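Structure data (mmCIF, C-alpha atoms and all ligand atoms) from protein_16.cif:
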data_model
#
loop_
_atom_site.label_atom_id
_atom_site.label_comp_id
_atom_site.auth_asym_id
_atom_site.auth_seq_id
_atom_site.Cartn_x
_atom_site.Cartn_y
_atom_site.Cartn_z
CA MET A 1 -76.29 86.29 4.38
CA THR A 2 -74.21 88.76 2.36
CA GLU A 3 -74.03 89.74 -1.29
CA GLU A 4 -70.68 87.95 -1.52
CA ILE A 5 -72.22 84.70 -0.28
CA VAL A 6 -75.09 84.99 -2.75
CA LYS A 7 -72.73 85.77 -5.61
CA SER A 8 -70.41 82.89 -4.86
CA ALA A 9 -73.42 80.55 -4.65
CA LEU A 10 -74.72 81.79 -7.99
CA ALA A 11 -71.26 81.41 -9.50
CA LYS A 12 -71.96 77.67 -9.38
CA VAL A 13 -74.91 78.04 -11.76
CA MET A 14 -73.75 77.51 -15.34
CA TYR A 15 -75.52 79.34 -18.13
CA PRO A 16 -77.22 76.45 -19.95
CA GLY A 17 -75.16 75.26 -22.87
CA PHE A 18 -72.08 77.24 -21.85
CA THR A 19 -69.01 76.54 -19.75
CA LYS A 20 -69.38 79.80 -17.85
CA ASP A 21 -71.60 80.67 -14.95
CA ILE A 22 -74.25 83.38 -14.78
CA VAL A 23 -72.17 85.61 -12.49
CA THR A 24 -69.11 85.52 -14.76
CA PHE A 25 -71.32 86.36 -17.72
CA GLY A 26 -72.54 89.36 -15.70
CA PHE A 27 -76.18 88.32 -15.84
CA VAL A 28 -76.85 88.70 -12.09
CA ASN A 29 -77.75 92.07 -10.63
CA ASN A 30 -79.93 93.88 -8.05
CA ILE A 31 -79.27 91.43 -5.26
CA GLU A 32 -81.54 92.31 -2.30
CA ILE A 33 -81.07 90.59 1.03
CA THR A 34 -83.50 90.82 3.97
CA GLY A 35 -82.34 88.52 6.73
CA THR A 36 -82.24 85.16 4.99
CA ASP A 37 -84.60 86.18 2.18
CA VAL A 38 -82.81 86.79 -1.10
CA LYS A 39 -84.05 88.43 -4.29
CA PHE A 40 -82.06 89.10 -7.45
CA ASN A 41 -82.41 89.66 -11.18
CA VAL A 42 -80.88 87.43 -13.83
CA GLU A 43 -80.77 89.12 -17.23
CA ILE A 44 -80.36 86.39 -19.77
CA THR A 45 -79.87 86.52 -23.51
CA SER A 46 -82.10 83.62 -24.52
CA SER A 47 -85.86 83.74 -24.80
CA ALA A 48 -86.16 79.95 -24.55
CA PRO A 49 -88.38 79.14 -21.54
CA GLU A 50 -86.35 76.04 -20.63
CA VAL A 51 -83.21 78.17 -20.24
CA ALA A 52 -85.00 80.47 -17.78
CA GLN A 53 -86.47 77.51 -15.88
CA GLN A 54 -83.12 75.79 -15.51
CA ILE A 55 -81.53 78.98 -14.16
CA VAL A 56 -84.43 79.52 -11.72
CA ASP A 57 -84.23 75.94 -10.40
CA GLU A 58 -80.46 75.85 -10.10
CA SER A 59 -80.06 79.30 -8.58
CA ILE A 60 -82.74 78.66 -5.94
CA ALA A 61 -80.99 75.41 -5.00
CA ALA A 62 -77.55 77.06 -4.94
CA VAL A 63 -78.56 80.05 -2.78
CA LYS A 64 -80.58 77.85 -0.41
CA ALA A 65 -77.57 75.59 -0.02
CA ALA A 66 -75.65 78.71 1.03
CA GLY A 67 -78.11 79.34 3.89
CA ALA A 68 -81.01 81.36 2.48
CA THR A 69 -84.55 80.36 3.44
CA SER A 70 -86.42 82.10 0.65
CA VAL A 71 -84.92 82.73 -2.78
CA ALA A 72 -86.67 84.69 -5.51
CA PRO A 73 -84.81 84.99 -8.82
CA ILE A 74 -86.44 87.32 -11.33
CA ILE A 75 -85.53 86.33 -14.88
CA LYS A 76 -85.34 89.07 -17.47
CA ALA A 77 -85.31 87.48 -20.90
CA PRO A 78 -85.65 89.09 -24.32
CA GLN A 79 -88.99 88.72 -26.09
CA MET A 80 -89.47 85.73 -28.38
CA PRO A 81 -88.39 86.67 -31.92
CA ARG A 82 -91.08 88.37 -33.94
CA GLU A 83 -92.01 87.78 -37.54
CA SER A 84 -89.84 90.69 -38.65
CA SER A 85 -86.09 90.64 -38.14
CA SER A 86 -86.00 94.26 -36.96
CA GLN A 87 -84.77 93.27 -33.50
CA GLY A 88 -81.94 91.16 -34.83
CA LYS A 89 -78.48 92.51 -35.40
CA ASN A 90 -76.11 92.14 -38.32
CA LEU A 91 -72.85 94.07 -38.22
CA THR A 92 -71.78 92.57 -41.56
CA PRO A 93 -74.81 93.00 -43.81
CA GLN A 94 -72.85 92.50 -47.04
CA VAL A 95 -72.42 88.85 -46.10
CA LYS A 96 -75.44 86.69 -46.90
CA ASN A 97 -74.72 83.65 -44.73
CA PHE A 98 -72.52 82.76 -41.81
CA LEU A 99 -71.12 79.34 -40.84
CA MET A 100 -69.78 79.06 -37.29
CA VAL A 101 -67.20 76.28 -36.89
CA SER A 102 -66.98 75.26 -33.28
CA SER A 103 -65.74 72.53 -30.97
CA GLY A 104 -65.97 71.74 -27.29
CA LYS A 105 -62.20 71.52 -26.93
CA GLY A 106 -59.00 72.55 -28.62
CA GLY A 107 -56.86 70.75 -31.13
CA VAL A 108 -59.56 68.64 -32.76
CA GLY A 109 -59.18 70.20 -36.20
CA LYS A 110 -61.48 73.22 -36.31
CA SER A 111 -59.09 75.42 -38.22
CA THR A 112 -58.17 72.62 -40.64
CA THR A 113 -61.88 71.99 -41.23
CA SER A 114 -62.66 75.70 -41.64
CA VAL A 115 -59.94 76.16 -44.25
CA ASN A 116 -60.82 73.08 -46.29
CA VAL A 117 -64.58 73.59 -46.11
CA ALA A 118 -64.16 77.25 -47.13
CA ILE A 119 -62.06 76.23 -50.14
CA ALA A 120 -64.56 73.51 -51.05
CA LEU A 121 -67.44 76.02 -50.87
CA ALA A 122 -65.53 78.34 -53.20
CA ALA A 123 -64.93 75.42 -55.58
CA GLN A 124 -68.72 75.21 -55.83
CA GLY A 125 -68.68 78.69 -57.35
CA LEU A 126 -69.65 80.58 -54.19
CA LYS A 127 -68.10 83.83 -53.00
CA VAL A 128 -66.51 82.79 -49.73
CA GLY A 129 -64.80 84.53 -46.84
CA LEU A 130 -62.89 82.93 -43.98
CA LEU A 131 -62.71 84.72 -40.64
CA ASP A 132 -60.23 83.52 -38.06
CA ALA A 133 -62.03 84.51 -34.86
CA ASP A 134 -59.62 82.56 -32.65
CA ILE A 135 -58.14 85.60 -30.95
CA TYR A 136 -56.08 83.39 -28.63
CA GLY A 137 -54.44 81.20 -31.26
CA PRO A 138 -54.80 82.46 -34.81
CA ASN A 139 -53.68 79.64 -37.13
CA ILE A 140 -55.58 80.40 -40.31
CA PRO A 141 -53.00 82.75 -41.90
CA ARG A 142 -50.36 80.01 -41.77
CA MET A 143 -52.76 77.34 -43.00
CA MET A 144 -53.74 79.60 -45.91
CA GLY A 145 -50.10 80.32 -46.74
CA VAL A 146 -50.37 84.06 -45.98
CA ALA A 147 -48.74 84.27 -42.55
CA ASP A 148 -46.35 86.97 -43.78
CA VAL A 149 -48.86 89.00 -45.76
CA LYS A 150 -49.94 92.25 -44.11
CA PRO A 151 -53.51 93.27 -44.92
CA GLU A 152 -54.09 96.59 -46.65
CA ILE A 153 -55.78 99.30 -44.63
CA ASN A 154 -58.25 101.61 -46.36
CA GLY A 155 -59.16 104.54 -44.08
CA ASN A 156 -59.98 102.75 -40.86
CA LYS A 157 -61.16 99.57 -42.61
CA VAL A 158 -59.11 96.47 -43.28
CA ILE A 159 -59.19 94.77 -46.67
CA PRO A 160 -59.20 90.97 -46.42
CA ILE A 161 -56.27 89.05 -47.87
CA LYS A 162 -57.05 86.89 -50.91
CA ALA A 163 -55.77 83.34 -51.12
CA TYR A 164 -56.95 80.17 -52.86
CA GLY A 165 -59.99 81.96 -54.27
CA ILE A 166 -61.33 83.17 -50.94
CA GLU A 167 -61.10 86.28 -48.78
CA MET A 168 -59.40 85.79 -45.43
CA MET A 169 -58.93 87.85 -42.32
CA SER A 170 -57.59 86.92 -38.92
CA MET A 171 -58.64 88.89 -35.87
CA GLY A 172 -55.67 87.67 -33.85
CA SER A 173 -53.13 88.68 -36.45
CA LEU A 174 -54.47 92.25 -36.39
CA MET A 175 -53.54 92.50 -32.74
CA GLU A 176 -50.21 92.82 -31.01
CA GLU A 177 -48.91 89.38 -30.13
CA GLY A 178 -50.30 88.10 -26.86
CA GLN A 179 -52.60 91.10 -26.48
CA SER A 180 -55.76 89.04 -26.12
CA LEU A 181 -54.47 86.53 -23.61
CA LEU A 182 -56.03 88.16 -20.58
CA TRP A 183 -59.16 89.37 -22.29
CA ARG A 184 -62.48 88.54 -20.82
CA GLY A 185 -66.12 89.42 -21.22
CA ALA A 186 -66.61 92.98 -22.32
CA MET A 187 -63.24 93.23 -24.02
CA ILE A 188 -63.80 90.18 -26.16
CA MET A 189 -67.27 91.35 -27.05
CA LYS A 190 -66.05 94.80 -28.02
CA ALA A 191 -63.17 93.38 -30.01
CA ILE A 192 -65.43 91.07 -31.98
CA GLU A 193 -67.95 93.80 -32.70
CA GLN A 194 -65.21 96.13 -33.81
CA PHE A 195 -63.55 93.59 -36.09
CA LEU A 196 -66.88 92.65 -37.65
CA ARG A 197 -67.52 96.31 -38.48
CA ASP A 198 -64.04 97.11 -39.66
CA ILE A 199 -63.29 94.29 -42.09
CA LEU A 200 -64.22 95.27 -45.63
CA TRP A 201 -65.60 91.97 -46.97
CA SER A 202 -67.01 91.89 -50.49
CA GLU A 203 -70.60 90.81 -51.05
CA LEU A 204 -70.06 87.23 -49.88
CA ASP A 205 -72.36 84.22 -50.22
CA ILE A 206 -70.94 82.76 -47.04
CA LEU A 207 -68.44 83.62 -44.33
CA VAL A 208 -66.84 80.65 -42.59
CA ILE A 209 -65.87 81.54 -39.02
CA ASP A 210 -63.19 79.57 -37.19
CA MET A 211 -63.94 79.97 -33.49
CA PRO A 212 -61.68 79.59 -30.47
CA PRO A 213 -62.29 76.26 -28.71
CA GLY A 214 -65.08 76.01 -26.15
CA THR A 215 -68.28 77.85 -25.49
CA GLY A 216 -67.83 81.31 -24.04
CA ASP A 217 -67.85 85.04 -24.62
CA ALA A 218 -66.59 84.89 -28.21
CA GLN A 219 -69.34 82.52 -29.30
CA LEU A 220 -72.09 84.43 -27.51
CA SER A 221 -70.83 87.75 -28.80
CA LEU A 222 -70.62 86.55 -32.38
CA ALA A 223 -74.12 85.11 -32.28
CA GLN A 224 -75.39 88.46 -30.99
CA SER A 225 -73.55 90.47 -33.63
CA ILE A 226 -74.45 88.53 -36.78
CA PRO A 227 -77.28 86.15 -37.63
CA VAL A 228 -75.37 82.84 -37.80
CA THR A 229 -77.03 80.73 -40.50
CA VAL A 230 -75.60 77.36 -39.47
CA GLY A 231 -73.21 75.86 -36.95
CA LEU A 232 -70.74 73.06 -37.54
CA THR A 233 -69.21 71.04 -34.71
CA VAL A 234 -65.83 69.40 -35.15
CA THR A 235 -64.98 66.44 -32.96
CA THR A 236 -62.61 63.49 -32.77
CA PRO A 237 -64.00 60.01 -32.21
CA GLN A 238 -62.76 59.44 -28.63
CA SER A 239 -65.51 59.66 -26.05
CA VAL A 240 -63.78 62.40 -24.04
CA SER A 241 -63.89 64.59 -27.09
CA LEU A 242 -67.51 63.66 -27.70
CA ASP A 243 -68.46 64.85 -24.21
CA ASP A 244 -67.02 68.25 -25.05
CA SER A 245 -68.68 68.29 -28.44
CA ARG A 246 -72.04 67.79 -26.83
CA ARG A 247 -71.49 71.18 -25.16
CA SER A 248 -70.80 72.77 -28.51
CA LEU A 249 -73.99 71.31 -30.01
CA ASN A 250 -75.92 72.31 -26.94
CA MET A 251 -74.62 75.84 -27.31
CA PHE A 252 -75.89 76.04 -30.90
CA GLN A 253 -79.31 74.99 -29.67
CA LYS A 254 -79.30 77.59 -26.90
CA LEU A 255 -78.29 80.29 -29.38
CA ASN A 256 -80.99 79.17 -31.82
CA ILE A 257 -78.36 78.38 -34.45
CA PRO A 258 -79.41 75.57 -36.83
CA ILE A 259 -76.88 72.72 -36.74
CA ALA A 260 -75.42 71.81 -40.15
CA GLY A 261 -73.79 68.69 -38.79
CA ILE A 262 -70.73 67.17 -37.21
CA VAL A 263 -67.33 66.66 -38.80
CA GLU A 264 -65.70 63.63 -37.21
CA ASN A 265 -62.02 64.41 -37.65
CA MET A 266 -59.06 62.07 -37.15
CA SER A 267 -61.53 59.31 -37.88
CA GLY A 268 -59.33 56.43 -39.03
CA PHE A 269 -55.91 56.72 -40.65
CA ILE A 270 -55.01 56.61 -44.32
CA ALA A 271 -51.51 55.20 -44.80
CA PRO A 272 -49.65 57.43 -47.25
CA ASP A 273 -47.77 54.52 -48.84
CA THR A 274 -50.66 52.14 -49.49
CA GLY A 275 -53.74 54.37 -49.25
CA VAL A 276 -55.29 51.73 -46.95
CA GLU A 277 -57.60 53.16 -44.26
CA TYR A 278 -57.19 51.94 -40.65
CA ASP A 279 -59.45 52.51 -37.66
CA ILE A 280 -57.52 53.98 -34.71
CA PHE A 281 -59.65 55.94 -32.25
CA GLY A 282 -62.87 54.30 -33.40
CA LYS A 283 -64.84 55.57 -36.37
CA GLY A 284 -68.43 56.71 -36.43
CA THR A 285 -68.59 57.03 -32.64
CA SER A 286 -70.26 60.44 -32.99
CA GLY A 287 -73.28 58.88 -34.71
CA PRO A 288 -75.43 58.55 -31.57
CA MET A 289 -74.59 62.11 -30.54
CA ALA A 290 -75.61 63.36 -33.99
CA LYS A 291 -78.94 61.59 -33.58
CA GLU A 292 -79.42 63.05 -30.11
CA PHE A 293 -79.16 66.55 -31.61
CA ASP A 294 -81.22 65.68 -34.67
CA THR A 295 -78.28 66.19 -36.99
CA LYS A 296 -75.79 64.06 -38.91
CA ILE A 297 -72.11 63.39 -39.45
CA ILE A 298 -71.39 65.24 -42.67
CA ALA A 299 -67.80 64.02 -42.97
CA GLU A 300 -65.46 61.48 -41.46
CA ILE A 301 -62.01 62.88 -42.14
CA PRO A 302 -59.17 60.40 -41.61
CA ILE A 303 -55.80 61.22 -40.12
CA GLU A 304 -53.77 61.85 -43.20
CA PRO A 305 -50.21 63.19 -43.03
CA SER A 306 -50.81 65.44 -46.02
CA ILE A 307 -53.63 67.22 -44.14
CA ARG A 308 -51.14 68.22 -41.45
CA THR A 309 -48.32 69.11 -43.83
CA GLY A 310 -50.85 70.99 -45.96
CA GLY A 311 -51.75 73.03 -42.86
CA ASP A 312 -48.15 73.61 -41.80
CA GLU A 313 -47.01 74.62 -45.26
CA GLY A 314 -50.05 76.69 -46.14
CA LYS A 315 -51.15 74.33 -48.91
CA PRO A 316 -54.63 73.10 -48.02
CA ILE A 317 -55.31 69.57 -49.27
CA THR A 318 -58.65 70.52 -50.80
CA PHE A 319 -56.89 73.03 -53.05
CA VAL A 320 -53.65 71.24 -53.88
CA ASN A 321 -55.02 67.70 -54.11
CA PRO A 322 -58.79 67.88 -54.65
CA SER A 323 -58.97 64.30 -55.90
CA SER A 324 -57.57 62.86 -52.64
CA GLU A 325 -59.97 60.91 -50.44
CA SER A 326 -59.94 63.53 -47.65
CA ALA A 327 -60.50 66.42 -50.07
CA LYS A 328 -63.49 64.59 -51.55
CA ARG A 329 -64.96 64.30 -48.07
CA TYR A 330 -64.45 68.02 -47.39
CA ILE A 331 -66.10 68.76 -50.72
CA ALA A 332 -69.08 66.55 -49.84
CA ALA A 333 -69.33 68.23 -46.41
CA ALA A 334 -69.35 71.67 -48.05
CA ALA A 335 -72.08 70.59 -50.46
CA SER A 336 -74.18 69.33 -47.55
CA ILE A 337 -73.65 72.58 -45.61
CA TRP A 338 -74.64 74.71 -48.60
CA ALA A 339 -77.75 72.62 -49.27
CA GLN A 340 -78.80 73.18 -45.67
CA VAL A 341 -78.11 76.92 -45.88
CA GLU A 342 -80.35 77.13 -48.94
CA GLU A 343 -83.08 75.17 -47.21
CA ILE A 344 -82.90 77.38 -44.11
CA ASN A 345 -83.16 80.49 -46.28
CA ALA A 346 -86.05 79.03 -48.27
CA ASN A 347 -87.85 78.59 -44.95
CA GLY A 348 -87.44 82.23 -43.91
CA GLY A 349 -83.77 82.34 -42.80
CA VAL A 350 -82.40 82.97 -39.34
CA ASP A 351 -82.69 85.83 -36.90
CA ASN A 352 -80.61 86.52 -33.81
CA ALA A 353 -83.26 88.65 -32.06
CA SER A 354 -83.75 86.00 -29.39
CA VAL A 355 -80.14 86.23 -28.20
CA GLN A 356 -79.84 90.01 -27.97
CA PRO A 357 -78.86 91.58 -24.65
CA ASN A 358 -81.58 93.28 -22.64
CA THR A 359 -81.29 96.75 -24.07
CA PRO A 360 -83.73 98.88 -26.07
CA PRO A 361 -84.27 97.71 -29.67
CA GLY A 362 -81.39 98.53 -31.99
CA VAL A 363 -79.01 99.49 -29.20
CA SER A 364 -76.18 97.16 -28.39
CA ALA A 365 -75.20 97.12 -24.77
CA CYS A 366 -71.67 96.22 -25.75
CA SER A 367 -71.21 98.75 -28.52
CA THR A 368 -68.68 101.48 -28.33
CA ALA A 369 -67.61 103.85 -31.05
CA ALA A 370 -65.76 101.86 -33.68
CA ALA A 371 -62.05 102.55 -33.75
CA PRO A 372 -59.59 101.37 -36.37
CA ALA A 373 -59.07 97.62 -36.23
CA LYS A 374 -55.35 98.08 -35.68
CA ALA A 375 -56.06 99.81 -32.40
CA ALA A 376 -57.85 96.83 -30.91
CA PRO A 377 -59.75 97.64 -27.72
CA ALA A 378 -57.50 98.85 -24.98
CA ALA A 379 -60.13 98.52 -22.30
CA SER A 380 -58.83 97.59 -18.91
CA GLU A 381 -59.64 94.26 -17.43
CA GLY A 382 -62.88 94.15 -15.53
CA GLU A 383 -64.27 97.12 -17.43
CA SER A 384 -68.00 97.28 -17.41
CA CYS A 385 -70.31 98.77 -19.99
CA GLY A 386 -72.74 99.20 -17.13
CA THR A 387 -75.88 98.25 -19.00
CA GLY A 388 -76.56 94.72 -17.88
CA CYS A 389 -75.52 93.47 -21.28
CA GLY A 390 -73.95 90.35 -19.88
CA CYS A 391 -70.59 91.17 -21.36
CA HIS A 392 -68.65 91.75 -18.19
N1 LIG B 401 -57.33 64.83 -40.35
C1 LIG B 401 -56.11 65.22 -40.00
N2 LIG B 401 -55.00 64.49 -40.33
C2 LIG B 401 -53.77 64.89 -39.95
N3 LIG B 401 -53.52 65.97 -39.22
C3 LIG B 401 -54.58 66.74 -38.86
C4 LIG B 401 -55.92 66.40 -39.22
N4 LIG B 401 -56.76 67.36 -38.73
C5 LIG B 401 -55.98 68.25 -38.08
N5 LIG B 401 -54.67 67.87 -38.14
C6 LIG B 401 -53.53 68.56 -37.53
O1 LIG B 401 -53.78 68.62 -36.13
C7 LIG B 401 -53.36 69.87 -35.59
C8 LIG B 401 -54.57 70.57 -34.92
O2 LIG B 401 -55.52 70.91 -35.93
P1 LIG B 401 -56.22 72.33 -35.94
O3 LIG B 401 -55.22 73.41 -35.68
O4 LIG B 401 -57.04 72.41 -37.16
O5 LIG B 401 -57.16 72.15 -34.66
P2 LIG B 401 -58.04 73.25 -33.90
O6 LIG B 401 -59.23 72.54 -33.37
O7 LIG B 401 -58.26 74.43 -34.76
O8 LIG B 401 -57.06 73.63 -32.73
P3 LIG B 401 -57.17 74.91 -31.74
O9 LIG B 401 -58.25 74.55 -30.77
O10 LIG B 401 -55.82 74.95 -31.12
O11 LIG B 401 -57.51 76.10 -32.57
C9 LIG B 401 -52.79 70.63 -36.76
O12 LIG B 401 -51.40 70.44 -36.77
C10 LIG B 401 -53.41 70.00 -37.98
O13 LIG B 401 -52.57 70.09 -39.15
MG MG B 402 -57.76 76.46 -34.47
#

Taking this structure as input, can you express it in the form of structure tokens?
Amino acid sequence: MTEEIVKSALAKVMYPGFTKDIVTFGFVNNIEITGTDVKFNVEITSSAPEVAQQIVDESIAAVKAAGATSVAPIIKAPQMPRESSSQGKNLTPQVKNFLMVSSGKGGVGKSTTSVNVAIALAAQGLKVGLLDADIYGPNIPRMMGVADVKPEINGNKVIPIKAYGIEMMSMGSLMEEGQSLLWRGAMIMKAIEQFLRDILWSELDILVIDMPPGTGDAQLSLAQSIPVTVGLTVTTPQSVSLDDSRRSLNMFQKLNIPIAGIVENMSGFIAPDTGVEYDIFGKGTSGPMAKEFDTKIIAEIPIEPSIRTGGDEGKPITFVNPSSESAKRYIAAAASIWAQVEEINANGGVDNASVQPNTPPGVSACSTAAAPAKAAPAASEGESCGTGCGCH
């Protein structure tokens, strides 16, 4: 039995709700091997007992399957959140609420949903920001019609670009092209922390955050850096997409993020010539999944050519044609999201204390001195912050 064998066995244990394993997340340390007896620590970011139990069960099975006779994982989890929010972290305190838009896989319409929901929230009279956190494929600037606009820099802070009544900033567009492609773990976490600190948002009622597809470092890091008020999952009606969406909903649960609902996108087709709606991939197929997660479908958005052209040309349908059927559905979805945000806040709000890394209160394991946003982290691959933060 060697450390390598133990590590490769534990690399088969997924962190519950995520598509990455506990070794890749950097949660495993202090592996001690005596003959075929194995002991190790797993420093997790969730205080939920079922998360710890699942990791214990699966890691014992995995290491035994690799030849160990006795396996003793020691789980180090943060304390359950207290009444006060002093252990939580908010790098963007001028923003009152955060909406995380997520999906299990790419191309289902997250960015389109983020843009149109953000515009619909602003149409309700709210002060809205839109953060493109998709560092791998930033599409929001084009969809908002500001792909060629360079943001103003004030000192080492970036001033968001204004378009269609909202403030917008794209993390990816602040970086050199292709810079993020090989980023992993610590680098993503540092980049997200740095961007959150360095963007000079106004006092916003809500910041809509368009995430990269999947469930990984960016999602975990964001949830640790700001108290996400609600999560929204975007899916398409085919069952393969639904399987992936389940992961996204599961992730919200694991991160203690209340679920605002599901947007079923590409749900039916509205013919541009007749306005007649056809069912193509199946409509309403996400209903049972919504029930399973105690949430609801807050919009069924049809395939509509003007949604795509609106995205390509930077003219979002909810702004340029608010009386269209799809725009009305985005507007209804935004109203539902806001009603839920208000209800959550009336019941005491959210706190991300339960997902903090295992470091002393108020200290972020992933923090480094903030540098100007333009100089996005130049850390080398595989860099470790050395604190068991789970970000490498
Ligand atoms: N309801 C719709 N009707 C027509 N076209 C749509 C619709 N929703 C999205 N599209 C188009 O589908 C493509 C993918 O959408 P979008 O970029 O929003 O997906 P995404 O989930 O953000 O993708 P990625 O994972 O790559 O970030 C875009 O060209 C968009 O204009
Ligand atoms: Mg996108």

**OP:** Give the residue list for ligand MG 402 (chain B) at 10 Å, counting all atoms listed in the file, as an MDAnalysis selection string, sorted by chain and then by residue number.
**Re:** chainID A and resid 101:103 106:114 132:140 143 210:213

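Those residues positioned at most 7 Å from (-77.2, 89.1, -14.6) are Ile22, Val23, Gly26, Phe27, Val28, Asn29, Asn41, Val42, Glu43, Ile44, Gly388 and Gly390 of chain A, judged using all atoms listed in the file.
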
Subject >> Distance in Å - CA of Thr19 (chain A) versus CA of Gly216 (chain A) >> reply: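 Taking CA of Thr19 (chain A) as the start and CA of Gly216 (chain A) as the end point, the length is 6.5 Å.
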
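Nearest-residue note for Met171 (chain A): choosing from A:Ala271, A:Ile209, A:Asn156, A:Asn321, the minimum distance belongs to A:Ile209, counting all atoms listed in the file.
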
**OP:** Can you pull out every residue within 12 Å of Asp244 (chain A), counting all atoms listed in the file, but drop anything in the same chain fewer than 6 positions away, and send it as a list in words?
**Re:** Gly17, Phe18, Thr19, Ser102, Ser103, Gly104, Lys105, Gly106, Val108, Pro213, Gly214, Thr215, Thr233, Val234, Thr235, Thr236, Pro237, Gln238, Asn250, Met251, Ser286 and Met289 of chain A

Original post:
What is the distance, in Å and to one decimal place, between CA of Val13 (chain A) and CA of Asp37 (chain A)?
Top reply: 18.8 Å

**OP:** For a cut-off of 12 Å around (-81.1, 92.3, -1.0), file coordinates, pick out all residues using only C-alpha atoms and list them as an MDAnalysis selection string.
**Re:** chainID A and resid 1:7 29:41 68 70:73

**OP:** Please provide as an NGL selection string all residues within 9 Å of Ile166 (chain A), with the sequence filter that same-chain residues fewer than 4 positions apart are discarded (counting all atoms listed in the file).
**Re:** :A and (118-119 or 122 or 127-130 or 161-162)

**OP:** Mind checking which residues fall within 8 Å of Leu200 (chain A), counting only C-alpha atoms, ignoring those fewer than 2 positions away in the same chain, and posting them as a VMD selection string?
**Re:** chain A and resid 157 to 160 197 to 198 202

**OP:** To one decimal in Å, tell me the separation between CA of Ser173 (chain A) and CA of Ala327 (chain A).
**Re:** 27.1 Å

Original post:
With all atoms listed in the file as the atoms that count, which of A:Ser323, A:Gln54, A:Ser306, A:Ser8 lies nearest to ligand LIG 401 (chain B)?
Top reply: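 Ranking A:Ser323, A:Gln54, A:Ser306, A:Ser8 by distance to ligand LIG 401 (chain B), first place goes to A:Ser306.
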
Original post:
What's the 10 Å shell around Ala52 (chain A), counting all atoms listed in the file, without same-chain residues fewer than 5 positions away, as number ranges by chain?
Top reply: A: 15-16, 42-47, 57, 74-77

Given 3 Å of margin on each side, can you work out the centre and size in Å (one decimal) of an axis-aligned box holding every listed atom of ligand LIG 401 (chain B), as AutoDock Vina command-line options?
--center_x -55.3 --center_y 70.3 --center_z -35.6 --size_x 13.8 --size_y 17.6 --size_z 15.6

**OP:** Tell me which protein, DNA and RNA residues are within 12 Å of Lys283 (chain A), counting only C-alpha atoms, leaving out same-chain ones fewer than 6 positions away, and put them as an NGL selection string.
**Re:** :A and (235-239 or 263-269 or 277 or 297 or 299-303)

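The smallest atom-to-atom distance between ligand LIG 401 (chain B) and any of A:Pro227, A:Gly125, A:Gly261, A:Pro316, using only C-alpha atoms and all ligand atoms, is found for A:Pro316.
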
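Among the candidates A:Gln124, A:Ser326, A:Gln94, A:Gln356, the residue lying nearest to ligand LIG 401 (chain B) is A:Ser326 (atoms considered: all atoms listed in the file).
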
**OP:** Return the single residue from A:Ser354, A:Asn154, A:Asn116, A:Gln253 that is closest to ligand LIG 401 (chain B), with distances computed using all atoms listed in the file.
**Re:**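 Among the listed residues, A:Asn116 lies closest to ligand LIG 401 (chain B).
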
Take region 116-125 of chain A, model N, CA and C atoms, and hand the result over as a PDB file, in the frame of the given file.
ATOM      1  N   ASN A 116     -60.492  73.993 -45.184  1.00  0.00           N
ATOM      2  CA  ASN A 116     -60.820  73.080 -46.290  1.00  0.00           C
ATOM      3  C   ASN A 116     -62.285  73.188 -46.713  1.00  0.00           C
ATOM      4  N   VAL A 117     -63.166  73.407 -45.755  1.00  0.00           N
ATOM      5  CA  VAL A 117     -64.580  73.590 -46.110  1.00  0.00           C
ATOM      6  C   VAL A 117     -64.760  74.910 -46.872  1.00  0.00           C
ATOM      7  N   ALA A 118     -64.047  75.948 -46.440  1.00  0.00           N
ATOM      8  CA  ALA A 118     -64.160  77.250 -47.130  1.00  0.00           C
ATOM      9  C   ALA A 118     -63.692  77.096 -48.580  1.00  0.00           C
ATOM     10  N   ILE A 119     -62.580  76.418 -48.775  1.00  0.00           N
ATOM     11  CA  ILE A 119     -62.060  76.230 -50.140  1.00  0.00           C
ATOM     12  C   ILE A 119     -63.029  75.378 -50.966  1.00  0.00           C
ATOM     13  N   ALA A 120     -63.607  74.366 -50.337  1.00  0.00           N
ATOM     14  CA  ALA A 120     -64.560  73.510 -51.050  1.00  0.00           C
ATOM     15  C   ALA A 120     -65.836  74.288 -51.409  1.00  0.00           C
ATOM     16  N   LEU A 121     -66.260  75.198 -50.552  1.00  0.00           N
ATOM     17  CA  LEU A 121     -67.440  76.020 -50.870  1.00  0.00           C
ATOM     18  C   LEU A 121     -67.137  76.919 -52.069  1.00  0.00           C
ATOM     19  N   ALA A 122     -65.915  77.475 -52.081  1.00  0.00           N
ATOM     20  CA  ALA A 122     -65.530  78.340 -53.200  1.00  0.00           C
ATOM     21  C   ALA A 122     -65.457  77.526 -54.495  1.00  0.00           C
ATOM     22  N   ALA A 123     -65.018  76.274 -54.384  1.00  0.00           N
ATOM     23  CA  ALA A 123     -64.930  75.420 -55.580  1.00  0.00           C
ATOM     24  C   ALA A 123     -66.312  75.146 -56.163  1.00  0.00           C
ATOM     25  N   GLN A 124     -67.347  75.351 -55.338  1.00  0.00           N
ATOM     26  CA  GLN A 124     -68.720  75.210 -55.830  1.00  0.00           C
ATOM     27  C   GLN A 124     -69.194  76.452 -56.576  1.00  0.00           C
ATOM     28  N   GLY A 125     -68.331  77.470 -56.636  1.00  0.00           N
ATOM     29  CA  GLY A 125     -68.680  78.690 -57.350  1.00  0.00           C
ATOM     30  C   GLY A 125     -69.232  79.779 -56.431  1.00  0.00           C
TER      31      GLY A 125
END
